[in-house]
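Structure file upload_15.cif (mmCIF, C-alpha atoms) is printed below.
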```cif
data_data
loop_
_atom_site.label_atom_id
_atom_site.label_comp_id
_atom_site.auth_asym_id
_atom_site.auth_seq_id
_atom_site.Cartn_x
_atom_site.Cartn_y
_atom_site.Cartn_z
CA MET R 12 0.00 0.00 0.00
CA ILE R 13 2.86 2.38 0.81
CA ALA R 14 4.43 1.51 -2.53
CA MET R 15 1.20 2.47 -4.32
CA CYS R 16 1.11 5.82 -2.52
CA VAL R 17 4.68 6.44 -3.71
CA ILE R 18 3.72 5.46 -7.27
CA VAL R 19 0.76 7.87 -7.29
CA ALA R 20 2.93 10.67 -5.91
CA ALA R 21 5.67 9.94 -8.44
CA ARG R 22 3.17 9.94 -11.32
CA TYR R 23 1.81 13.28 -10.16
CA GLY R 24 5.30 14.72 -9.70
CA ALA R 25 6.53 13.55 -13.08
CA VAL R 26 3.52 14.77 -15.09
CA SER R 27 2.99 18.03 -13.18
CA GLY R 28 6.71 18.75 -13.19
CA ALA R 29 7.01 18.12 -16.92
CA PHE R 30 4.14 20.42 -17.83
CA ALA R 31 5.19 23.06 -15.30
CA PHE R 32 8.65 23.06 -16.88
CA LEU R 33 7.12 23.27 -20.35
CA GLY R 34 4.95 26.16 -19.23
CA THR R 35 7.84 28.19 -17.85
CA ARG R 36 9.81 27.55 -21.03
CA ARG R 37 6.94 28.72 -23.20
CA ARG R 38 5.91 31.54 -20.87
CA PRO R 39 8.81 32.56 -18.60
CA SER R 40 6.63 34.80 -16.41
CA LEU R 41 3.94 32.14 -15.87
CA HIS R 42 4.83 31.28 -12.27
CA GLN R 43 6.34 34.54 -11.12
CA GLY R 44 5.23 35.41 -7.61
CA LEU R 45 3.54 32.02 -7.11
CA ALA R 46 6.28 30.18 -5.18
CA ARG R 47 4.29 30.07 -1.93
CA GLN R 48 1.14 28.95 -3.74
CA ILE R 49 3.00 26.19 -5.60
CA LYS R 50 4.54 24.91 -2.35
CA ALA R 51 1.04 24.69 -0.86
CA GLU R 52 -0.23 22.91 -3.98
CA ILE R 53 2.55 20.34 -3.69
CA ARG R 54 1.89 19.77 0.02
CA TRP R 55 -1.83 19.19 -0.52
CA SER R 56 -1.08 17.01 -3.54
CA ILE R 57 1.22 14.73 -1.55
CA ILE R 58 -1.57 14.23 0.98
CA SER R 59 -3.97 13.50 -1.87
CA ALA R 60 -1.49 11.01 -3.37
CA ALA R 61 -1.44 9.11 -0.07
CA ILE R 62 -5.25 9.04 -0.02
CA TYR R 63 -5.42 7.87 -3.66
CA GLY R 64 -2.76 5.26 -3.03
CA MET R 65 -4.53 3.44 -0.20
CA PRO R 66 -7.59 2.11 -2.09
CA ALA R 67 -5.38 1.58 -5.16
CA GLY R 68 -3.06 -0.58 -3.05
CA LEU R 69 -5.96 -2.59 -1.66
CA THR R 70 -7.31 -3.17 -5.16
CA ALA R 71 -3.89 -4.24 -6.46
CA TRP R 72 -3.69 -6.74 -3.59
CA ALA R 73 -7.20 -8.04 -4.34
CA TRP R 74 -6.25 -8.49 -7.99
CA ARG R 75 -2.86 -10.16 -7.52
CA GLU R 76 -3.51 -12.25 -4.43
CA LYS R 77 -7.21 -13.02 -4.61
CA GLY R 78 -8.18 -12.61 -8.25
CA ALA R 79 -11.16 -10.65 -6.97
CA THR R 80 -11.27 -7.92 -9.62
CA LEU R 81 -12.25 -7.98 -13.29
CA ILE R 82 -8.82 -6.83 -14.43
CA TYR R 83 -7.45 -9.19 -17.07
CA THR R 84 -4.07 -9.57 -18.75
CA GLU R 85 -4.75 -12.01 -21.60
CA ALA R 86 -5.27 -10.14 -24.88
CA ASP R 87 -7.80 -12.72 -26.11
CA ALA R 88 -9.90 -12.84 -22.93
CA TYR R 89 -12.33 -10.42 -24.58
CA PRO R 90 -12.73 -9.29 -28.22
CA LEU R 91 -10.22 -6.68 -29.29
CA TRP R 92 -13.00 -4.14 -29.87
CA TRP R 93 -13.69 -4.26 -26.14
CA LEU R 94 -10.35 -2.53 -25.42
CA PRO R 95 -11.30 0.89 -26.86
CA LEU R 96 -14.95 0.49 -25.88
CA SER R 97 -14.09 -0.33 -22.26
CA LEU R 98 -11.80 2.69 -22.09
CA ALA R 99 -14.56 4.93 -23.49
CA ILE R 100 -17.07 3.55 -20.97
CA ALA R 101 -14.64 4.06 -18.10
CA LEU R 102 -13.94 7.64 -19.16
CA LEU R 103 -17.65 8.44 -19.48
CA LEU R 104 -18.44 6.91 -16.10
CA GLN R 105 -15.58 8.73 -14.41
CA ASP R 106 -16.53 12.00 -16.07
CA THR R 107 -20.13 11.56 -14.88
CA TRP R 108 -19.04 10.88 -11.30
CA PHE R 109 -16.65 13.84 -11.38
CA TYR R 110 -19.22 16.26 -12.81
CA TRP R 111 -21.88 15.56 -10.21
CA THR R 112 -19.58 15.37 -7.18
CA HIS R 113 -17.72 18.49 -8.35
CA ARG R 114 -20.96 20.36 -8.86
CA LEU R 115 -22.17 19.25 -5.43
CA MET R 116 -18.97 20.55 -3.80
CA HIS R 117 -19.77 24.00 -5.15
CA GLN R 118 -22.81 24.17 -2.93
CA PRO R 119 -22.05 26.79 -0.23
CA SER R 120 -22.50 24.29 2.60
CA LEU R 121 -19.76 22.04 1.18
CA PHE R 122 -17.47 24.45 -0.68
CA LYS R 123 -15.52 25.76 2.33
CA ARG R 124 -15.20 22.31 3.88
CA MET R 125 -14.19 20.38 0.78
CA HIS R 126 -13.33 22.43 -2.29
CA ALA R 127 -11.92 25.77 -1.14
CA VAL R 128 -8.39 24.34 -0.93
CA HIS R 129 -8.41 23.62 -4.66
CA HIS R 130 -9.74 27.06 -5.55
CA ALA R 131 -7.11 28.74 -3.37
CA SER R 132 -4.86 28.32 -6.42
CA ARG R 133 -5.40 31.65 -8.16
CA PRO R 134 -4.40 31.27 -10.89
CA PRO R 135 -4.18 27.46 -11.03
CA THR R 136 -0.86 25.94 -12.04
CA ALA R 137 0.17 22.50 -13.27
CA TRP R 138 0.89 21.63 -9.63
CA ALA R 139 -2.75 22.22 -8.65
CA ALA R 140 -4.12 19.11 -10.38
CA MET R 141 -4.19 17.11 -7.11
CA SER R 142 -4.22 20.03 -4.68
CA PHE R 143 -7.31 18.88 -2.76
CA HIS R 144 -8.57 18.88 0.79
CA PRO R 145 -8.56 15.24 2.01
CA THR R 146 -12.36 15.10 1.93
CA GLU R 147 -12.34 16.09 -1.74
CA ALA R 148 -9.58 13.60 -2.53
CA LEU R 149 -11.75 10.84 -1.06
CA THR R 150 -14.53 11.57 -3.56
CA MET R 151 -12.32 10.41 -6.45
CA ALA R 152 -9.82 8.09 -4.76
CA PHE R 153 -12.19 5.12 -4.71
CA PHE R 154 -13.66 5.47 -8.20
CA VAL R 155 -11.16 3.54 -10.33
CA PRO R 156 -10.42 0.97 -7.59
CA LEU R 157 -14.14 0.17 -7.37
CA LEU R 158 -14.68 0.35 -11.13
CA VAL R 159 -12.45 -2.67 -11.78
CA PHE R 160 -14.76 -4.80 -9.63
CA VAL R 161 -17.74 -4.17 -11.93
CA LEU R 162 -16.22 -3.48 -15.39
CA PRO R 163 -13.79 -5.85 -17.13
CA LEU R 164 -10.68 -3.86 -18.00
CA HIS R 165 -7.39 -4.99 -19.49
CA ILE R 166 -4.45 -4.03 -17.30
CA GLY R 167 -3.20 -1.81 -20.13
CA VAL R 168 -6.54 0.01 -20.25
CA VAL R 169 -6.34 0.59 -16.49
CA GLY R 170 -2.88 2.10 -16.92
CA LEU R 171 -4.04 4.28 -19.80
CA LEU R 172 -7.08 5.44 -17.83
CA LEU R 173 -4.88 6.50 -14.91
CA LEU R 174 -2.45 8.25 -17.25
CA LEU R 175 -5.25 10.14 -19.03
CA MET R 176 -6.75 11.13 -15.67
CA THR R 177 -3.40 12.55 -14.55
CA VAL R 178 -2.50 14.26 -17.84
CA MET R 179 -5.95 15.81 -18.28
CA GLY R 180 -5.98 16.99 -14.68
CA VAL R 181 -2.60 18.64 -15.10
CA THR R 182 -3.08 20.16 -18.56
CA ASN R 183 -6.47 21.59 -17.56
CA HIS R 184 -4.80 23.56 -14.75
CA MET R 185 -1.69 24.86 -16.51
CA GLY R 186 -2.84 28.46 -16.75
CA TRP R 187 -2.25 28.50 -20.52
CA GLU R 188 -3.55 26.63 -23.52
CA MET R 189 -1.18 24.14 -25.12
CA PHE R 190 -3.55 23.00 -27.86
CA PRO R 191 -3.97 24.93 -31.13
CA HIS R 192 -6.75 27.47 -31.51
CA GLY R 193 -8.37 25.44 -34.28
CA LEU R 194 -8.77 22.42 -32.00
CA VAL R 195 -9.97 24.33 -28.94
CA LYS R 196 -12.62 26.27 -30.87
CA GLY R 197 -13.37 23.54 -33.38
CA PRO R 198 -15.74 20.55 -33.29
CA LEU R 199 -13.49 18.52 -30.96
CA GLY R 200 -13.07 21.40 -28.52
CA ALA R 201 -16.85 21.74 -28.38
CA TRP R 202 -16.99 18.41 -26.54
CA VAL R 203 -13.53 17.74 -25.05
CA ILE R 204 -12.24 19.84 -22.16
CA THR R 205 -8.94 21.67 -22.40
CA ALA R 206 -7.30 24.31 -20.22
CA SER R 207 -9.34 27.09 -21.83
CA HIS R 208 -12.62 25.51 -20.76
CA HIS R 209 -11.49 24.66 -17.24
CA GLN R 210 -10.01 28.13 -16.84
CA GLY R 211 -13.58 29.38 -17.12
CA HIS R 212 -14.48 27.26 -14.10
CA HIS R 213 -11.71 28.77 -11.99
CA GLN R 214 -12.79 32.26 -13.02
CA ARG R 215 -16.57 31.94 -12.61
CA TYR R 216 -17.03 29.04 -10.14
CA ASP R 217 -20.60 28.44 -11.41
CA GLY R 218 -20.08 26.03 -14.30
CA ASN R 219 -17.65 24.02 -16.44
CA TYR R 220 -17.63 21.20 -13.90
CA GLY R 221 -16.53 18.34 -16.17
CA LEU R 222 -13.26 16.42 -16.18
CA TYR R 223 -12.89 15.09 -19.74
CA PHE R 224 -15.99 16.08 -21.67
CA ARG R 225 -18.41 19.00 -21.92
CA PHE R 226 -21.40 16.66 -22.29
CA TRP R 227 -22.91 17.08 -18.82
CA ASP R 228 -22.23 20.81 -18.73
CA ARG R 229 -23.97 21.28 -22.07
CA LEU R 230 -26.86 18.99 -21.11
CA CYS R 231 -27.40 20.64 -17.72
CA GLY R 232 -26.90 24.24 -18.82
CA THR R 233 -23.69 24.76 -16.84
CA ASP R 234 -21.33 25.21 -19.79
CA ARG R 235 -19.92 28.72 -19.48
CA GLY R 236 -17.69 28.59 -22.54
CA LEU R 237 -13.99 29.29 -22.60
CA GLY R 238 -12.11 31.28 -20.00
CA THR R 239 -9.34 33.80 -20.47
CA PHE R 240 -5.79 33.54 -19.21
CA GLY R 241 -4.17 36.06 -16.93
CA ARG R 242 -3.61 36.56 -13.25
CA SER R 243 -6.71 36.17 -11.11
CA PRO R 244 -7.32 38.79 -8.42
CA ARG R 245 -5.99 37.75 -5.03
#
```
Take the structure from the file and write it as structure tokens.
Amino acid sequence: MIAMCVIVAARYGAVSGAFAFLGTRRRPSLHQGLARQIKAEIRWSIISAAIYGMPAGLTAWAWREKGATLIYTEADAYPLWWLPLSLAIALLLQDTWFYWTHRLMHQPSLFKRMHAVHHASRPPTAWAAMSFHPTEALTMAFFVPLLVFVLPLHIGVVGLLLLLMTVMGVTNHMGWEMFPHGLVKGPLGAWVITASHHQGHHQRYDGNYGLYFRFWDRLCGTDRGLGTFGRSPR
């Protein structure tokens, strides 16, 4: 279990560090004056990594020692078409869970207790992707570990799901848009979340709640469009 906590922390550090470095190379002034904020983001993220790692470690043990999950390693255990389909289903389910729990945490009675830590990052940086209060971290920490008990997933799909979750979380908080204008404002950007869309959430607080897709925001009338980049008032 400790090893899994270290793995989660290392994955966060590697991905956040890489994109933070890229951001400062592309925009040298991006993190100026944010040293104290970034230190706080890293501290909260390490706590979140420990919380994420505990159910992940228990699930890994259940898979390896007990065969109790639906994770499989044989390529022919299911048809090949199930690989991309299972990933799509997992992403849609995770995005649904994230949208509704995230929206719930913006209720005034829960915001200060659970979500204010994350929004203390003004503006968000690549290090803010896992900067959560422990109660918020718990809302997502159990999702993938429980998912593999009800949805058959190849071990490679599980790894890809975790990688996409980390990369999307980081790139959505970078404080600048790495994808070309034509993608962000084109047909794909109308449905897939990038930093520009999530920046709108950190500026307005009242919409753009999704993780991967804009589906639920568009369906529920909470899509506020794209945000703008620049320092938020402190």
Given the file shown, determine the residues that the PyMOL selection byres ((chain R and resi 154-171) around 6) selects; report them as a list in words.
Ala67, Thr70, Thr80, Leu81, Ile82, Tyr83, Thr84, Met151, Ala152, Phe153, Leu172, Leu173 and Leu174 of chain R
Can you turn the PyMOL selection byres ((chain R and resi 241) around 12) into a concrete residue list for this file, as a list in words?
Arg38, Ser40, Leu41, His42, Arg133, Pro134, Pro135, Thr136, Met185, Gly186, Trp187, Glu188, Ser207, Gln210, Gly211, His213, Gln214, Gly238, Thr239, Phe240, Arg242, Ser243 and Pro244 of chain R
If you count only C-alpha atoms, which residues fall within 12 Å of Asn219 (chain R), apart from same-chain ones fewer than 5 positions away, as a ChimeraX atom specification?
/R:109-111,113-114,117,183,202-214,224-238
Evaluating the PyMOL selection byres ((chain R and resi 122) around 12) on the displayed file yields which residues, as an mmCIF file with C-alpha atoms, keeping the file's coordinate frame?
```
data_model
loop_
_atom_site.group_PDB
_atom_site.id
_atom_site.type_symbol
_atom_site.label_atom_id
_atom_site.label_comp_id
_atom_site.auth_asym_id
_atom_site.auth_seq_id
_atom_site.Cartn_x
_atom_site.Cartn_y
_atom_site.Cartn_z
ATOM 1 C CA THR R 112 -19.580 15.370 -7.180
ATOM 2 C CA HIS R 113 -17.720 18.490 -8.350
ATOM 3 C CA ARG R 114 -20.960 20.360 -8.860
ATOM 4 C CA LEU R 115 -22.170 19.250 -5.430
ATOM 5 C CA MET R 116 -18.970 20.550 -3.800
ATOM 6 C CA HIS R 117 -19.770 24.000 -5.150
ATOM 7 C CA GLN R 118 -22.810 24.170 -2.930
ATOM 8 C CA PRO R 119 -22.050 26.790 -0.230
ATOM 9 C CA SER R 120 -22.500 24.290 2.600
ATOM 10 C CA LEU R 121 -19.760 22.040 1.180
ATOM 11 C CA LYS R 123 -15.520 25.760 2.330
ATOM 12 C CA ARG R 124 -15.200 22.310 3.880
ATOM 13 C CA MET R 125 -14.190 20.380 0.780
ATOM 14 C CA HIS R 126 -13.330 22.430 -2.290
ATOM 15 C CA ALA R 127 -11.920 25.770 -1.140
ATOM 16 C CA VAL R 128 -8.390 24.340 -0.930
ATOM 17 C CA HIS R 129 -8.410 23.620 -4.660
ATOM 18 C CA HIS R 130 -9.740 27.060 -5.550
ATOM 19 C CA ALA R 131 -7.110 28.740 -3.370
ATOM 20 C CA PHE R 143 -7.310 18.880 -2.760
ATOM 21 C CA HIS R 144 -8.570 18.880 0.790
ATOM 22 C CA THR R 146 -12.360 15.100 1.930
ATOM 23 C CA GLU R 147 -12.340 16.090 -1.740
ATOM 24 C CA TYR R 216 -17.030 29.040 -10.140
ATOM 25 C CA ASP R 217 -20.600 28.440 -11.410
#
```
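Reported to one decimal place, the separation of CA of Tyr223 (chain R) from CA of Ala101 (chain R) is 11.3 Å.
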Any chance you could tabulate, as a Markdown table, the residues of region 58-175 of chain R at most 9 Å from region 15-26 of chain R with each one's nearest atom pair and distance in Å to one decimal, using all atoms listed in the file, in chain and rising number order?
```
| residue | atom | partner | partner_atom | distance |
| --- | --- | --- | --- | --- |
| R:Ile58 | CA | R:Ala20 | CA | 9.0 |
| R:Ser59 | CA | R:Ala20 | CA | 8.5 |
| R:Ala60 | CA | R:Ala20 | CA | 5.1 |
| R:Ala61 | CA | R:Cys16 | CA | 4.8 |
| R:Ile62 | CA | R:Cys16 | CA | 7.6 |
| R:Tyr63 | CA | R:Cys16 | CA | 6.9 |
| R:Gly64 | CA | R:Cys16 | CA | 3.9 |
| R:Met65 | CA | R:Cys16 | CA | 6.5 |
| R:Ala67 | CA | R:Met15 | CA | 6.7 |
| R:Gly68 | CA | R:Met15 | CA | 5.4 |
| R:Ala71 | CA | R:Met15 | CA | 8.7 |
| R:Ala137 | CA | R:Val26 | CA | 8.6 |
| R:Trp138 | CA | R:Gly24 | CA | 8.2 |
| R:Ala140 | CA | R:Tyr23 | CA | 8.3 |
| R:Met141 | CA | R:Tyr23 | CA | 7.7 |
| R:Leu174 | CA | R:Arg22 | CA | 8.3 |
```
Between R:Ala29, R:Trp72, R:Ile53, R:Pro66, which one has atoms that come closest to Thr150 (chain R), using all atoms listed in the file?
R:Pro66
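Atom to atom, CA of Tyr220 (chain R) and CA of Asp106 (chain R) stand 9.5 Å apart.
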